[in-house]
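Notes follow once the structure below has been shown.
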Amino acid sequence: MNKLKDIESTLKNQGYKLTGQRRVIIDAFEQCPDHYTAHEIFEKVKAQNANINFSTVYRNLELLCKLGIINKLNICSGINHFELKHNDHHHHVICLKCGDMQGIQLCPYSELKNKELDEIGFVPVEHKFEIYGYCRKCSKEN
């Protein structure tokens with residue numbers, strides 16, 4: 001519930017409201033925290049609100065990403081996945097066969113010396129790190 005108040009505050013500070021549609025989208029992530037495609041979120045939301053359409057869900061996902069409430073994961077399959085942002089910093093390993101995605105705590109960015117970035121005048125805003133390979137199940141099948 002505290003997370004919802006933080007989200008509502010973030011929306012309000014940027015001139016938006018926590019509409020019923022946005023609330024249902026956020027609830028879908030909170031009920032089962034994971035990484036979902038826009039279509040998967042749409043199916044979850046549609047079960048709660050039969051009148052909602054895909055374009056409304058997608059527009060709201062994009063807005064929530066822009067406001068830093070949801071992470072958008074651009075994986076090599078070309079299909080975007082979304083996850084509710086949490087306070088823990090993590091990256092992902094992604095199976096090339098089944099598409100399973102798992103969060104990992106490893107962060108190579110922390111190894112990068114900020115001094116090097118300062119020397120080239122680069123100011124990082126965000127970073128993403130993904131490792132592609134085969135999960136335990138798929139590697140056993142090969």
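Going by the structure tokens order, chains are called A, B, ..., each with residues numbered from 1, while ligands are numbered from 1 in the order shown.
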
Could you list, as a JSON list (two decimals) with N, CA and C atoms, in the first residue's frame, every residue within 12 Å of A:Ala50, counting only C-alpha atoms and ignoring same-chain residues fewer than 5 positions away?
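Written file, result_2.json:
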[["chain", "number", "residue", "atom", "x", "y", "z"],
["A", 21, "GLN", "N", -7.69, 3.01, -14.43],
["A", 21, "GLN", "CA", -6.95, 2.18, -15.39],
["A", 21, "GLN", "C", -5.50, 2.00, -14.95],
["A", 24, "VAL", "N", -5.34, -0.41, -11.94],
["A", 24, "VAL", "CA", -5.50, -1.82, -12.31],
["A", 24, "VAL", "C", -4.20, -2.36, -12.91],
["A", 42, "PHE", "N", -2.19, -6.70, -20.52],
["A", 42, "PHE", "CA", -3.54, -6.45, -21.03],
["A", 42, "PHE", "C", -4.49, -7.56, -20.61],
["A", 43, "GLU", "N", -4.07, -8.81, -20.74],
["A", 43, "GLU", "CA", -4.91, -9.94, -20.36],
["A", 43, "GLU", "C", -5.23, -9.92, -18.86],
["A", 44, "LYS", "N", -4.24, -9.59, -18.04],
["A", 44, "LYS", "CA", -4.46, -9.50, -16.59],
["A", 44, "LYS", "C", -5.43, -8.36, -16.25],
["A", 45, "VAL", "N", -5.24, -7.22, -16.90],
["A", 45, "VAL", "CA", -6.06, -6.05, -16.63],
["A", 45, "VAL", "C", -7.49, -6.27, -17.15]]

Which neighbours of A:Met101 fall inside 9 Å, counting only C-alpha atoms, when residues of the same chain fewer than 2 positions from it are skipped, and could you give them as a PDB file with N, CA and C atoms, in the first residue's frame?
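Final file, out.pdb:
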ATOM      1  N   ASP A  34       6.630  -9.752 -11.606  1.00  0.00           N
ATOM      2  CA  ASP A  34       7.414 -10.461 -12.613  1.00  0.00           C
ATOM      3  C   ASP A  34       7.603  -9.515 -13.800  1.00  0.00           C
ATOM      4  N   HIS A  35       8.112 -10.057 -14.890  1.00  0.00           N
ATOM      5  CA  HIS A  35       8.291  -9.307 -16.137  1.00  0.00           C
ATOM      6  C   HIS A  35       7.186  -9.750 -17.090  1.00  0.00           C
ATOM      7  N   HIS A  92      19.244  -8.573 -15.633  1.00  0.00           N
ATOM      8  CA  HIS A  92      18.518  -9.769 -16.037  1.00  0.00           C
ATOM      9  C   HIS A  92      19.362 -10.753 -16.834  1.00  0.00           C
ATOM     10  N   VAL A  93      19.031 -12.033 -16.639  1.00  0.00           N
ATOM     11  CA  VAL A  93      19.520 -13.096 -17.516  1.00  0.00           C
ATOM     12  C   VAL A  93      18.295 -13.588 -18.285  1.00  0.00           C
ATOM     13  N   ILE A  94      18.475 -13.819 -19.587  1.00  0.00           N
ATOM     14  CA  ILE A  94      17.346 -14.139 -20.460  1.00  0.00           C
ATOM     15  C   ILE A  94      17.681 -15.374 -21.287  1.00  0.00           C
ATOM     16  N   CYS A  95      16.787 -16.357 -21.232  1.00  0.00           N
ATOM     17  CA  CYS A  95      16.984 -17.595 -21.994  1.00  0.00           C
ATOM     18  C   CYS A  95      16.611 -17.364 -23.454  1.00  0.00           C
ATOM     19  N   GLY A  99      12.726 -17.937 -23.406  1.00  0.00           N
ATOM     20  CA  GLY A  99      12.425 -16.545 -23.079  1.00  0.00           C
ATOM     21  C   GLY A  99      12.320 -16.252 -21.598  1.00  0.00           C
ATOM     22  N   GLY A 103      15.836 -11.985 -12.618  1.00  0.00           N
ATOM     23  CA  GLY A 103      16.602 -10.860 -12.107  1.00  0.00           C
ATOM     24  C   GLY A 103      17.850 -11.356 -11.392  1.00  0.00           C
ATOM     25  N   CYS A 135      18.656 -21.200 -19.975  1.00  0.00           N
ATOM     26  CA  CYS A 135      18.307 -21.527 -18.605  1.00  0.00           C
ATOM     27  C   CYS A 135      18.645 -23.007 -18.329  1.00  0.00           C
TER      28      CYS A 135
END

request  = Determine which residues of chain A DSSP labels as strand (DSSP E) from the backbone of this structure, then write them out as a list in words.
outcome  = Tyr36, Thr37, Ile70, Asn71, Lys72, Leu73, Asn74, Asn80, His81, Phe82, Glu83, Leu84, His91, His92, Val93, Ile94, Cys95, Met101, Gln102, Gly103, Ile104, Glu130, Ile131, Tyr132 and Gly133 of chain A

task = Find the residues around A:Arg23 up to 12 Å (only C-alpha atoms counted), leave out those fewer than 4 positions away in its own chain, and share them as a ChimeraX atom specification.
result = /A:1,3-5,7-8,11,17-19,27-31,45,48-49,57,60-61,64

Given the selection you just returned, output its residues as a file containing N, CA and C atoms, formatted as an mmCIF file, in the first residue's frame.
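Saved file result-v5.cif follows:
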data_model
loop_
_atom_site.group_PDB
_atom_site.id
_atom_site.type_symbol
_atom_site.label_atom_id
_atom_site.label_comp_id
_atom_site.auth_asym_id
_atom_site.auth_seq_id
_atom_site.Cartn_x
_atom_site.Cartn_y
_atom_site.Cartn_z
ATOM 1 N N MET A 1 0.822 -1.191 0.000
ATOM 2 C CA MET A 1 0.000 0.000 0.000
ATOM 3 C C MET A 1 0.868 1.258 0.000
ATOM 4 N N LYS A 3 3.718 1.539 -1.419
ATOM 5 C CA LYS A 3 4.213 1.658 -2.794
ATOM 6 C C LYS A 3 3.182 2.409 -3.645
ATOM 7 N N LEU A 4 1.911 2.095 -3.440
ATOM 8 C CA LEU A 4 0.852 2.758 -4.195
ATOM 9 C C LEU A 4 0.801 4.245 -3.882
ATOM 10 N N LYS A 5 1.009 4.618 -2.639
ATOM 11 C CA LYS A 5 1.035 6.045 -2.267
ATOM 12 C C LYS A 5 2.222 6.750 -2.919
ATOM 13 N N ILE A 7 3.616 5.857 -5.755
ATOM 14 C CA ILE A 7 3.278 5.955 -7.177
ATOM 15 C C ILE A 7 2.298 7.098 -7.403
ATOM 16 N N GLU A 8 1.297 7.185 -6.551
ATOM 17 C CA GLU A 8 0.318 8.267 -6.672
ATOM 18 C C GLU A 8 0.989 9.621 -6.524
ATOM 19 N N LEU A 11 2.972 10.410 -9.728
ATOM 20 C CA LEU A 11 2.045 10.839 -10.783
ATOM 21 C C LEU A 11 1.588 12.279 -10.547
ATOM 22 N N LYS A 17 -2.902 11.827 -12.675
ATOM 23 C CA LYS A 17 -3.693 11.225 -11.607
ATOM 24 C C LYS A 17 -3.529 9.710 -11.631
ATOM 25 N N LEU A 18 -3.805 9.102 -10.491
ATOM 26 C CA LEU A 18 -3.855 7.647 -10.421
ATOM 27 C C LEU A 18 -5.264 7.240 -10.822
ATOM 28 N N THR A 19 -5.458 7.102 -12.127
ATOM 29 C CA THR A 19 -6.780 6.744 -12.645
ATOM 30 C C THR A 19 -7.073 5.282 -12.327
ATOM 31 N N ASP A 27 -1.810 -2.772 -10.013
ATOM 32 C CA ASP A 27 -2.263 -3.929 -9.229
ATOM 33 C C ASP A 27 -1.856 -5.242 -9.890
ATOM 34 N N ALA A 28 -1.905 -5.293 -11.224
ATOM 35 C CA ALA A 28 -1.524 -6.513 -11.942
ATOM 36 C C ALA A 28 -0.061 -6.863 -11.666
ATOM 37 N N PHE A 29 0.808 -5.863 -11.612
ATOM 38 C CA PHE A 29 2.215 -6.101 -11.297
ATOM 39 C C PHE A 29 2.391 -6.496 -9.832
ATOM 40 N N GLU A 30 1.655 -5.837 -8.942
ATOM 41 C CA GLU A 30 1.816 -6.110 -7.518
ATOM 42 C C GLU A 30 1.278 -7.476 -7.114
ATOM 43 N N GLN A 31 0.231 -7.937 -7.777
ATOM 44 C CA GLN A 31 -0.348 -9.242 -7.449
ATOM 45 C C GLN A 31 0.599 -10.377 -7.775
ATOM 46 N N VAL A 45 -5.235 -7.222 -16.895
ATOM 47 C CA VAL A 45 -6.062 -6.048 -16.628
ATOM 48 C C VAL A 45 -7.486 -6.269 -17.149
ATOM 49 N N GLN A 48 -9.887 -7.802 -14.897
ATOM 50 C CA GLN A 48 -10.395 -6.911 -13.849
ATOM 51 C C GLN A 48 -11.326 -5.827 -14.405
ATOM 52 N N ASN A 49 -11.070 -5.431 -15.653
ATOM 53 C CA ASN A 49 -11.830 -4.351 -16.274
ATOM 54 C C ASN A 49 -12.080 -4.726 -17.727
ATOM 55 N N VAL A 57 -4.000 0.357 -22.290
ATOM 56 C CA VAL A 57 -2.995 -0.295 -21.443
ATOM 57 C C VAL A 57 -1.603 0.088 -21.917
ATOM 58 N N ASN A 60 -0.642 3.711 -21.141
ATOM 59 C CA ASN A 60 -0.377 3.870 -19.714
ATOM 60 C C ASN A 60 0.934 3.215 -19.315
ATOM 61 N N LEU A 61 1.268 2.072 -19.896
ATOM 62 C CA LEU A 61 2.574 1.455 -19.633
ATOM 63 C C LEU A 61 3.699 2.394 -20.051
ATOM 64 N N LEU A 64 3.901 5.281 -17.560
ATOM 65 C CA LEU A 64 4.475 4.830 -16.295
ATOM 66 C C LEU A 64 5.974 4.578 -16.431
#

message = Among stretch 23-106 of chain A, which ones does DSSP assign to helix (DSSP H, G or I) (computed from the backbone)? Answer as JSON, numbers by chain.
response = {"A": [23, 24, 25, 26, 27, 28, 29, 30, 31, 38, 39, 40, 41, 42, 43, 44, 45, 46, 47, 48, 54, 55, 56, 57, 58, 59, 60, 61, 62, 63, 64, 65, 66]}

inquiry  = Rounded to one decimal, what separation in Å do you get between atom CA of A:Asp6 and atom CA of A:Ile69?
reply    = 9.4 Å

inquiry  = List as a ChimeraX atom specification the protein and nucleic acid residues near A:Lys66, meaning an atom at most 12 Å away when only C-alpha atoms are counted, but skip any in the same chain fewer than 6 places from it.
reply    = /A:10-11,14,59-60,72,85

message = I want to know what sits within 12 Å of A:Lys97, based on only C-alpha atoms, with residues of the same chain fewer than 3 positions away left out; could you give that as a list of chain:residue names?
response =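 Contacts, in chain order: A:Cys76, A:Ser77, A:Ile94, A:Asp100, A:Met101, A:Tyr132, A:Gly133, A:Tyr134, A:Cys135, A:Arg136, A:Lys137, A:Cys138, A:Ser139, A:Lys140, A:Glu141, A:Asn142.
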
inquiry  = Which residue is closest to A:Asn71? Choose from A:Thr37, A:Ser9, A:Thr56, A:Asn114 and count only C-alpha atoms.
reply    =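 Residue with the minimum atom-to-atom distance to A:Asn71: A:Thr37.
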
inquiry  = Taking only C-alpha atoms into account, name the residue in A:Ile26, A:Ile52, A:Ile131, A:Val125 that is nearest to A:Pro108.
reply    =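 Closest to A:Pro108 of all the choices is A:Ile131.
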
message = Measuring between only C-alpha atoms, which one of A:Ala38, A:Tyr58, A:Glu116, A:Leu106 shows the shortest distance to A:Ile79?
response =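 Residue with the minimum atom-to-atom distance to A:Ile79: A:Ala38.
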
task = Could you check how far atom CA of A:Gly68 sits from atom CA of A:Val123, in Å to one decimal?
result = 18.3 Å

remark   = Using only C-alpha atoms, the residue out of A:Leu63, A:Leu96, A:Ala47, A:Leu73 with shortest distance to A:Arg22 is A:Leu63
